[in-house]
Amino acid sequence: MIEKYPVSYPAFGGEEERTLYLYLPADYMEDLEARYPVLYMFDGHNVFFDEDATFGKSWGLGEYLDYSRVPLIVAALECNQNPDDARIIEYAPYDFTVPARFQKDLPRRQRKPMDVHGFGKETMEWFTQVLKPMIDSELRTMPEREYTFLMGSSMGGLMSIYGLLEFNDVFGKACSLSPCMDFWAPQLLEHMKKAQVQPNTALYIDYGMQEPDYRAAVERLAPVTAAALRKGISLTYRTIPGGTHSEASWENQLEFCIDFLMYGII
């Protein structure tokens, strides 16, 4: 069962209404004693319904969970869909500088490096301080960190790694699909080195070999994954032959991701 709920979200441009997509397992209303792990996801409008997805194709997560009968609650929040790269700012966990060459909408002589404050920390504070308490109070969840997960792709993939590190007392596992590393690899590496990570922390990362920046991305990720292993994080890293930067490709990885998250639980 998938329901949509309006929630008030403190976006960096001001308070606005967002859609929260909530998936409950098929037997949620049958076994009233059962409790469930919770997966929190980014870009919620792309997770369940093709008609809501930005490019007309969703992950199809609801169909997969129904078919496989995985006992998992999913809470997926719609991202910032305003123009002017608002989603990138909301999902950027660190401040960054946009080089002049990226500002192609401006005349060449007007282009200059632009410093941007990333609101990723504020985004995760809302997830942990508002959304998770609301889900735990209204649903039969298993609220402990070992049953609380993150998953996202692209900028949401970057946020999944960041959230696991910065809020490791809340999240025990994360899946990061095609994480966007363009400006943030050095900060992410330093964060990985300094993070206080609890035992039984697990991270899944994958990249499609047909993604435009595949080689550069895996080179940027290499020091991060090495640091994760040194931290004692249980790391699963996959390269996907034929994988692209798209919901259709990420949908094909659901079996691996869900098995990873639910390992030792079912």
# chains A, B, ... in the order shown; residues from 1 in each chain; ligands from 1
$ residues_around --residues "region 41-43 of chain A" --least-positions-apart "4" --cutoff "9 Å" --atoms "only C-alpha atoms" --output "list in words"
Val47, Val74, Ala75, Ala76, Leu77, Glu78, Cys79, Asn80, Tyr91, Phe149, Leu150, Met151, Gly152, Ser153, Met155, Gly156, Gly157, Met159 and Ser160 of chain A
$ select_by_dssp --residues "region 14-188 of chain A" --states "strand (DSSP E or B)" --output "JSON, numbers by chain"
{"A": [14, 15, 16, 17, 18, 19, 20, 21, 22, 23, 36, 38, 39, 40, 41, 73, 74, 75, 76, 77, 96, 97, 98, 114, 115, 116, 141, 148, 149, 150, 151, 152, 153, 173, 174, 175, 176, 177]}
$ residues_around --residues "region 205-220 of chain A" --least-positions-apart "4" --cutoff "9 Å" --atoms "only C-alpha atoms" --output "number ranges by chain"
A: 157, 161, 174-182, 185-186, 224-225, 235-246, 249-250, 253
$ closest_residue --among "A:Pro223, A:Gly264, A:Pro37, A:Gly62" --to "His191 (chain A)" --atoms "only C-alpha atoms"
A:Pro223
$ residues_around --residues "region 9-19 of chain A" --least-positions-apart "4" --cutoff "10 Å" --atoms "only C-alpha atoms" --output "number ranges by chain"
A: 3-5, 44-45, 76-82, 86, 89-90, 118-119, 122-123, 126, 130-131
$ write_last_selection --atoms "C-alpha atoms" --output "PDB file, in the first residue's frame"
ATOM      1  CA  GLU A   3      -0.174   6.614   0.296  1.00  0.00           C
ATOM      2  CA  LYS A   4       0.674  10.255  -0.404  1.00  0.00           C
ATOM      3  CA  TYR A   5       0.652  12.817   2.389  1.00  0.00           C
ATOM      4  CA  GLY A  44      10.370  10.533  -3.359  1.00  0.00           C
ATOM      5  CA  HIS A  45       8.382  11.445  -6.463  1.00  0.00           C
ATOM      6  CA  ALA A  76      10.206   8.862   0.534  1.00  0.00           C
ATOM      7  CA  LEU A  77      10.076  12.658   0.480  1.00  0.00           C
ATOM      8  CA  GLU A  78       9.614  14.641  -2.706  1.00  0.00           C
ATOM      9  CA  CYS A  79      12.670  16.764  -3.478  1.00  0.00           C
ATOM     10  CA  ASN A  80      12.871  20.477  -4.236  1.00  0.00           C
ATOM     11  CA  GLN A  81      11.592  20.791  -7.814  1.00  0.00           C
ATOM     12  CA  ASN A  82      11.962  24.538  -8.091  1.00  0.00           C
ATOM     13  CA  ALA A  86      17.349  24.171  -6.084  1.00  0.00           C
ATOM     14  CA  ILE A  89      21.507  23.068  -3.172  1.00  0.00           C
ATOM     15  CA  GLU A  90      19.081  21.166  -0.936  1.00  0.00           C
ATOM     16  CA  GLY A 118      24.791  23.473   0.606  1.00  0.00           C
ATOM     17  CA  PHE A 119      21.716  22.772   2.708  1.00  0.00           C
ATOM     18  CA  GLU A 122      19.583  21.089   7.257  1.00  0.00           C
ATOM     19  CA  THR A 123      17.848  18.514   5.048  1.00  0.00           C
ATOM     20  CA  TRP A 126      14.635  17.569   9.185  1.00  0.00           C
ATOM     21  CA  VAL A 130      10.964  15.763  12.295  1.00  0.00           C
ATOM     22  CA  LEU A 131      10.276  12.983   9.796  1.00  0.00           C
TER      23      LEU A 131
END
$ atom_distance --atom1 "CA of Phe96 (chain A)" --atom2 "CA of Phe167 (chain A)"
21.0 Å
